[in-house]
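Engineer: One file is attached below, start.pdb, containing PDB, C-alpha atoms, pLDDT in the B column.
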MODEL        1
ATOM      1  CA  MET A   8     110.309 120.955  88.419  1.00 64.00           C
ATOM      2  CA  PHE A   9     108.512 119.694  91.541  1.00 67.00           C
ATOM      3  CA  SER A  10     109.846 118.253  94.759  1.00 74.00           C
ATOM      4  CA  ALA A  11     108.125 115.972  97.269  1.00 73.00           C
ATOM      5  CA  ASP A  12     107.374 118.850  99.660  1.00 71.00           C
ATOM      6  CA  ASP A  13     105.839 121.271  97.113  1.00 74.00           C
ATOM      7  CA  ILE A  14     102.378 122.464  98.150  1.00 79.00           C
ATOM      8  CA  MET A  15      99.869 121.475  95.478  1.00 83.00           C
ATOM      9  CA  GLY A  16      96.962 123.589  96.766  1.00 87.00           C
ATOM     10  CA  GLU A  17      93.603 122.913  98.365  1.00 90.00           C
ATOM     11  CA  ALA A  18      90.022 122.752  97.128  1.00 91.00           C
ATOM     12  CA  GLN A  19      86.646 122.468  98.857  1.00 91.00           C
ATOM     13  CA  ILE A  20      83.485 121.180  97.229  1.00 92.00           C
ATOM     14  CA  ASP A  21      79.975 121.816  98.534  1.00 92.00           C
ATOM     15  CA  ILE A  22      78.071 118.622  97.661  1.00 93.00           C
ATOM     16  CA  GLN A  23      74.784 119.835  99.184  1.00 94.00           C
ATOM     17  CA  PRO A  24      73.432 121.196  95.845  1.00 93.00           C
ATOM     18  CA  LEU A  25      74.111 117.797  94.234  1.00 94.00           C
ATOM     19  CA  ILE A  26      72.421 115.914  97.086  1.00 93.00           C
ATOM     20  CA  SER A  27      69.400 118.244  97.092  1.00 94.00           C
ATOM     21  CA  ALA A  28      68.920 117.984  93.321  1.00 93.00           C
ATOM     22  CA  ALA A  29      69.333 114.182  93.297  1.00 92.00           C
ATOM     23  CA  MET A  30      66.906 113.692  96.187  1.00 91.00           C
ATOM     24  CA  ALA A  31      64.311 116.002  94.619  1.00 92.00           C
ATOM     25  CA  TYR A  32      64.178 113.921  91.425  1.00 88.00           C
ATOM     26  CA  GLY A  33      64.275 110.460  93.003  1.00 86.00           C
ATOM     27  CA  ASP A  34      65.002 107.859  90.319  1.00 89.00           C
ATOM     28  CA  PRO A  35      66.966 109.674  87.571  1.00 88.00           C
ATOM     29  CA  GLU A  36      66.435 106.779  85.134  1.00 88.00           C
ATOM     30  CA  MET A  37      62.815 107.924  84.788  1.00 90.00           C
ATOM     31  CA  PHE A  38      63.921 111.219  83.205  1.00 91.00           C
ATOM     32  CA  GLY A  39      65.625 112.204  79.988  1.00 91.00           C
ATOM     33  CA  ASN A  40      68.781 114.290  79.869  1.00 95.00           C
ATOM     34  CA  MET A  41      68.140 117.614  81.608  1.00 94.00           C
ATOM     35  CA  GLN A  42      69.541 120.195  84.007  1.00 95.00           C
ATOM     36  CA  ILE A  43      68.221 119.748  87.553  1.00 94.00           C
ATOM     37  CA  GLY A  44      70.355 122.094  89.643  1.00 94.00           C
ATOM     38  CA  LYS A  45      73.213 124.541  89.891  1.00 94.00           C
ATOM     39  CA  TRP A  46      75.920 125.547  92.400  1.00 93.00           C
ATOM     40  CA  LEU A  47      76.493 129.255  91.833  1.00 94.00           C
ATOM     41  CA  LYS A  48      79.901 130.935  91.674  1.00 95.00           C
ATOM     42  CA  SER A  49      80.320 133.495  94.458  1.00 94.00           C
ATOM     43  CA  ASP A  50      82.948 135.228  96.576  1.00 92.00           C
ATOM     44  CA  ASP A  51      82.393 132.501  99.210  1.00 92.00           C
ATOM     45  CA  ASN A  52      83.620 129.646  97.004  1.00 93.00           C
ATOM     46  CA  ALA A  53      86.447 128.958  94.568  1.00 94.00           C
ATOM     47  CA  LEU A  54      84.306 128.077  91.555  1.00 95.00           C
ATOM     48  CA  ILE A  55      85.666 129.220  88.202  1.00 96.00           C
ATOM     49  CA  GLU A  56      82.118 129.197  86.787  1.00 96.00           C
ATOM     50  CA  ASP A  57      78.659 128.052  87.889  1.00 96.00           C
ATOM     51  CA  SER A  58      78.574 124.287  88.407  1.00 96.00           C
ATOM     52  CA  ILE A  59      75.654 122.647  86.596  1.00 96.00           C
ATOM     53  CA  ILE A  60      73.943 119.491  87.881  1.00 96.00           C
ATOM     54  CA  ASN A  61      72.433 117.318  85.142  1.00 96.00           C
ATOM     55  CA  ILE A  62      70.710 114.019  84.577  1.00 95.00           C
ATOM     56  CA  ILE A  63      72.723 112.377  81.796  1.00 95.00           C
ATOM     57  CA  ASP A  64      71.838 108.872  80.591  1.00 92.00           C
ATOM     58  CA  GLY A  65      69.921 108.151  83.807  1.00 91.00           C
ATOM     59  CA  LYS A  66      72.691 109.353  86.138  1.00 93.00           C
ATOM     60  CA  VAL A  67      72.958 112.536  88.206  1.00 95.00           C
ATOM     61  CA  LYS A  68      76.261 114.260  87.419  1.00 96.00           C
ATOM     62  CA  GLN A  69      77.891 117.560  88.290  1.00 97.00           C
ATOM     63  CA  ASP A  70      80.828 119.196  86.537  1.00 96.00           C
ATOM     64  CA  VAL A  71      82.947 121.286  88.935  1.00 96.00           C
ATOM     65  CA  GLN A  72      85.817 123.640  88.060  1.00 96.00           C
ATOM     66  CA  LEU A  73      87.667 125.117  91.043  1.00 95.00           C
ATOM     67  CA  LYS A  74      90.607 127.458  91.533  1.00 95.00           C
ATOM     68  CA  LEU A  75      93.118 125.863  93.897  1.00 93.00           C
ATOM     69  CA  GLN A  76      93.555 127.734  97.176  1.00 92.00           C
ATOM     70  CA  ASN A  77      96.730 128.445  99.189  1.00 90.00           C
ATOM     71  CA  VAL A  78      98.931 128.068  96.127  1.00 89.00           C
ATOM     72  CA  GLU A  79     100.206 130.466  93.458  1.00 87.00           C
ATOM     73  CA  CYS A  80      97.977 129.078  90.693  1.00 88.00           C
ATOM     74  CA  GLY A  81      96.133 125.983  89.574  1.00 91.00           C
ATOM     75  CA  GLU A  82      92.722 124.572  88.768  1.00 93.00           C
ATOM     76  CA  LEU A  83      90.857 121.360  89.510  1.00 93.00           C
ATOM     77  CA  HIS A  84      88.265 119.953  87.072  1.00 96.00           C
ATOM     78  CA  LEU A  85      85.966 117.206  88.395  1.00 95.00           C
ATOM     79  CA  GLU A  86      82.900 115.272  87.379  1.00 96.00           C
ATOM     80  CA  VAL A  87      80.950 114.122  90.443  1.00 96.00           C
ATOM     81  CA  GLU A  88      78.293 111.403  90.114  1.00 95.00           C
ATOM     82  CA  TRP A  89      75.497 110.677  92.592  1.00 92.00           C
ATOM     83  CA  LEU A  90      75.159 106.980  93.517  1.00 86.00           C
ATOM     84  CA  PRO A  91      72.369 105.989  95.921  1.00 78.00           C
ATOM     85  CA  LEU A  92      73.587 103.704  98.709  1.00 78.00           C
ATOM     86  CA  ASP A  93      71.043 101.005  97.803  1.00 73.00           C
ATOM     87  CA  GLN A  94      72.808 100.262  94.476  1.00 57.00           C
TER      88      GLN A  94
ENDMDL
END
For this file, write the structure as structure tokens.
Structural biologist:
Amino acid sequence: MFSADDIMGEAQIDIQPLISAAMAYGDPEMFGNMQIGKWLKSDDNALIEDSIINIIDGKVKQDVQLKLQNVECGELHLEVEWLPLDQ
């Protein structure tokens, strides 16, 4: 059972690998589905496994799985998508 003041944990995401990969490939609609980058698991981050950056159906996406910090246990699973500001 949870109460309103229970700590749910914290997570930090480094979006620089996603930005670098997206900028390097320009218009992702020109490419087929492929891997274009990776954020590597290390002792300096809370990744559960390496985070792969892909072009999928003309969109740059990254799946991220993180261990929550400052809490007994927990995980966060995200899909991050790159959207250029001119769209």
Engineer: Tell me which of A:Val78, A:Ile63, A:Leu92, A:Leu83 sits closest to Gly16 of chain A, counting only C-alpha atoms.
Structural biologist: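 Among A:Val78, A:Ile63, A:Leu92, A:Leu83, it is A:Val78 that comes nearest to Gly16 of chain A.
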Engineer: Could you please determine the separation between atom CA of Asp70 of chain A and atom CA of Glu36 of chain A in Å, to one decimal place?
Structural biologist: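 Straight-line distance from atom CA of Asp70 of chain A to atom CA of Glu36 of chain A works out to 19.1 Å.
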Engineer: Please write as a tab-separated table (two decimals) with C-alpha atoms, in the frame of the given file the full residue list that the PyMOL selection byres ((chain A and resi 89) around 7) yields on this file.
Structural biologist:
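Output contents, as saved in result_7.tsv:
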chain	number	residue	atom	x	y	z
A	67	VAL	CA	72.96	112.54	88.21
A	68	LYS	CA	76.26	114.26	87.42
A	87	VAL	CA	80.95	114.12	90.44
A	88	GLU	CA	78.29	111.40	90.11
A	90	LEU	CA	75.16	106.98	93.52
A	91	PRO	CA	72.37	105.99	95.92
Engineer: Run the PyMOL selection byres ((chain A and resi 73) around 9) against the file shown and list the residues it catches, as a PyMOL selection string.
Structural biologist: chain A and resi 18-20+52-56+71-72+74-76+81-85
Engineer: Quick one: pull the distance between atom CA of Gly39 of chain A and atom CA of Ile26 of chain A, Å, one decimal.
Structural biologist: 18.8 Å
Engineer: What is the distance between atom CA of Asn40 of chain A and atom CA of Asp57 of chain A, in Å to one decimal?
Structural biologist: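 For atom CA of Asn40 of chain A relative to atom CA of Asp57 of chain A, the distance reads 18.7 Å.
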Engineer: For Ile59 of chain A, which residue out of A:Leu25, A:Ala31, A:Ile14, A:Phe38 is the nearest one, using all atoms listed in the file?
Structural biologist: A:Leu25
Engineer: Near Pro24 of chain A, counting all atoms listed in the file, which residues have an atom at most 8 Å away, once you skip same-chain residues fewer than 3 positions from it, shown as a ChimeraX atom specification?
Structural biologist: /A:21,27-28,44-46
Engineer: Would you mind telling me which residue in A:Ala29, A:Asp93, A:Asn77, A:Glu86 lies nearest to Ile62 of chain A when using all atoms listed in the file?
Structural biologist: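 With all atoms listed in the file as the atom set, the closest residue is A:Ala29.
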Engineer: When distances are computed from only C-alpha atoms, which of A:Asp64, A:Cys80, A:Gln69, A:Met15 shows the smallest separation from Met37 of chain A?
Structural biologist: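 Result for the nearest residue to Met37 of chain A: A:Asp64.
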Engineer: Could you model N, CA and C atoms for segment 25-57 of chain A and present them as a PDB file, in the coordinates of the input?
Structural biologist:
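Final file, part.pdb:
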ATOM      1  N   LEU A  25      74.240 119.073  94.935  1.00 94.00           N
ATOM      2  CA  LEU A  25      74.111 117.797  94.234  1.00 94.00           C
ATOM      3  C   LEU A  25      73.149 116.875  94.978  1.00 94.00           C
ATOM      4  N   ILE A  26      73.290 116.768  96.277  1.00 93.00           N
ATOM      5  CA  ILE A  26      72.421 115.914  97.086  1.00 93.00           C
ATOM      6  C   ILE A  26      70.975 116.388  97.001  1.00 93.00           C
ATOM      7  N   SER A  27      70.759 117.696  97.143  1.00 94.00           N
ATOM      8  CA  SER A  27      69.400 118.244  97.092  1.00 94.00           C
ATOM      9  C   SER A  27      68.742 117.975  95.744  1.00 94.00           C
ATOM     10  N   ALA A  28      69.474 118.206  94.659  1.00 93.00           N
ATOM     11  CA  ALA A  28      68.920 117.984  93.321  1.00 93.00           C
ATOM     12  C   ALA A  28      68.618 116.505  93.097  1.00 93.00           C
ATOM     13  N   ALA A  29      69.532 115.622  93.492  1.00 92.00           N
ATOM     14  CA  ALA A  29      69.333 114.182  93.297  1.00 92.00           C
ATOM     15  C   ALA A  29      68.142 113.679  94.110  1.00 92.00           C
ATOM     16  N   MET A  30      68.007 114.132  95.334  1.00 91.00           N
ATOM     17  CA  MET A  30      66.906 113.692  96.187  1.00 91.00           C
ATOM     18  C   MET A  30      65.568 114.216  95.672  1.00 91.00           C
ATOM     19  N   ALA A  31      65.551 115.409  95.116  1.00 92.00           N
ATOM     20  CA  ALA A  31      64.311 116.002  94.619  1.00 92.00           C
ATOM     21  C   ALA A  31      63.756 115.234  93.420  1.00 92.00           C
ATOM     22  N   TYR A  32      64.620 114.622  92.632  1.00 88.00           N
ATOM     23  CA  TYR A  32      64.178 113.921  91.425  1.00 88.00           C
ATOM     24  C   TYR A  32      64.037 112.417  91.611  1.00 88.00           C
ATOM     25  N   GLY A  33      64.454 111.889  92.743  1.00 86.00           N
ATOM     26  CA  GLY A  33      64.275 110.460  93.003  1.00 86.00           C
ATOM     27  C   GLY A  33      65.066 109.603  92.034  1.00 86.00           C
ATOM     28  N   ASP A  34      64.358 108.784  91.254  1.00 89.00           N
ATOM     29  CA  ASP A  34      65.002 107.859  90.319  1.00 89.00           C
ATOM     30  C   ASP A  34      65.333 108.589  89.018  1.00 89.00           C
ATOM     31  N   PRO A  35      66.612 108.907  88.773  1.00 88.00           N
ATOM     32  CA  PRO A  35      66.966 109.674  87.571  1.00 88.00           C
ATOM     33  C   PRO A  35      66.756 108.904  86.269  1.00 88.00           C
ATOM     34  N   GLU A  36      66.639 107.583  86.349  1.00 88.00           N
ATOM     35  CA  GLU A  36      66.435 106.779  85.134  1.00 88.00           C
ATOM     36  C   GLU A  36      65.055 107.016  84.525  1.00 88.00           C
ATOM     37  N   MET A  37      64.157 107.634  85.286  1.00 90.00           N
ATOM     38  CA  MET A  37      62.815 107.924  84.788  1.00 90.00           C
ATOM     39  C   MET A  37      62.785 109.189  83.934  1.00 90.00           C
ATOM     40  N   PHE A  38      63.884 109.932  83.891  1.00 91.00           N
ATOM     41  CA  PHE A  38      63.921 111.219  83.205  1.00 91.00           C
ATOM     42  C   PHE A  38      64.909 111.180  82.045  1.00 91.00           C
ATOM     43  N   GLY A  39      64.670 112.030  81.069  1.00 91.00           N
ATOM     44  CA  GLY A  39      65.625 112.204  79.988  1.00 91.00           C
ATOM     45  C   GLY A  39      66.748 113.128  80.443  1.00 91.00           C
ATOM     46  N   ASN A  40      67.674 113.393  79.553  1.00 95.00           N
ATOM     47  CA  ASN A  40      68.781 114.290  79.869  1.00 95.00           C
ATOM     48  C   ASN A  40      68.248 115.698  80.114  1.00 95.00           C
ATOM     49  N   MET A  41      68.605 116.270  81.270  1.00 94.00           N
ATOM     50  CA  MET A  41      68.140 117.614  81.608  1.00 94.00           C
ATOM     51  C   MET A  41      68.936 118.184  82.769  1.00 94.00           C
ATOM     52  N   GLN A  42      68.909 119.518  82.880  1.00 95.00           N
ATOM     53  CA  GLN A  42      69.541 120.195  84.007  1.00 95.00           C
ATOM     54  C   GLN A  42      68.576 120.176  85.185  1.00 95.00           C
ATOM     55  N   ILE A  43      69.086 119.821  86.373  1.00 94.00           N
ATOM     56  CA  ILE A  43      68.221 119.748  87.553  1.00 94.00           C
ATOM     57  C   ILE A  43      68.701 120.625  88.704  1.00 94.00           C
ATOM     58  N   GLY A  44      69.862 121.250  88.562  1.00 94.00           N
ATOM     59  CA  GLY A  44      70.355 122.094  89.643  1.00 94.00           C
ATOM     60  C   GLY A  44      71.594 122.860  89.239  1.00 94.00           C
ATOM     61  N   LYS A  45      72.048 123.711  90.176  1.00 94.00           N
ATOM     62  CA  LYS A  45      73.213 124.541  89.891  1.00 94.00           C
ATOM     63  C   LYS A  45      73.843 124.990  91.215  1.00 94.00           C
ATOM     64  N   TRP A  46      75.168 124.978  91.288  1.00 93.00           N
ATOM     65  CA  TRP A  46      75.920 125.547  92.400  1.00 93.00           C
ATOM     66  C   TRP A  46      76.517 126.829  91.843  1.00 93.00           C
ATOM     67  N   LEU A  47      76.128 127.967  92.394  1.00 94.00           N
ATOM     68  CA  LEU A  47      76.493 129.255  91.833  1.00 94.00           C
ATOM     69  C   LEU A  47      77.863 129.743  92.295  1.00 94.00           C
ATOM     70  N   LYS A  48      78.616 130.307  91.364  1.00 95.00           N
ATOM     71  CA  LYS A  48      79.901 130.935  91.674  1.00 95.00           C
ATOM     72  C   LYS A  48      79.633 132.165  92.543  1.00 95.00           C
ATOM     73  N   SER A  49      80.449 132.333  93.577  1.00 94.00           N
ATOM     74  CA  SER A  49      80.320 133.495  94.458  1.00 94.00           C
ATOM     75  C   SER A  49      81.676 133.806  95.092  1.00 94.00           C
ATOM     76  N   ASP A  50      81.720 134.868  95.863  1.00 92.00           N
ATOM     77  CA  ASP A  50      82.948 135.228  96.576  1.00 92.00           C
ATOM     78  C   ASP A  50      83.243 134.256  97.714  1.00 92.00           C
ATOM     79  N   ASP A  51      82.239 133.445  98.100  1.00 92.00           N
ATOM     80  CA  ASP A  51      82.393 132.501  99.210  1.00 92.00           C
ATOM     81  C   ASP A  51      82.907 131.133  98.779  1.00 92.00           C
ATOM     82  N   ASN A  52      83.096 130.931  97.462  1.00 93.00           N
ATOM     83  CA  ASN A  52      83.620 129.646  97.004  1.00 93.00           C
ATOM     84  C   ASN A  52      84.691 129.885  95.948  1.00 93.00           C
ATOM     85  N   ALA A  53      85.341 128.841  95.519  1.00 94.00           N
ATOM     86  CA  ALA A  53      86.447 128.958  94.568  1.00 94.00           C
ATOM     87  C   ALA A  53      86.058 128.495  93.164  1.00 94.00           C
ATOM     88  N   LEU A  54      84.746 128.492  92.878  1.00 95.00           N
ATOM     89  CA  LEU A  54      84.306 128.077  91.555  1.00 95.00           C
ATOM     90  C   LEU A  54      84.838 129.008  90.473  1.00 95.00           C
ATOM     91  N   ILE A  55      85.242 128.432  89.356  1.00 96.00           N
ATOM     92  CA  ILE A  55      85.666 129.220  88.202  1.00 96.00           C
ATOM     93  C   ILE A  55      84.429 129.702  87.450  1.00 96.00           C
ATOM     94  N   GLU A  56      83.402 128.852  87.406  1.00 96.00           N
ATOM     95  CA  GLU A  56      82.118 129.197  86.787  1.00 96.00           C
ATOM     96  C   GLU A  56      81.027 128.420  87.505  1.00 96.00           C
ATOM     97  N   ASP A  57      79.757 128.786  87.277  1.00 96.00           N
ATOM     98  CA  ASP A  57      78.659 128.052  87.889  1.00 96.00           C
ATOM     99  C   ASP A  57      78.791 126.564  87.582  1.00 96.00           C
TER     100      ASP A  57
END
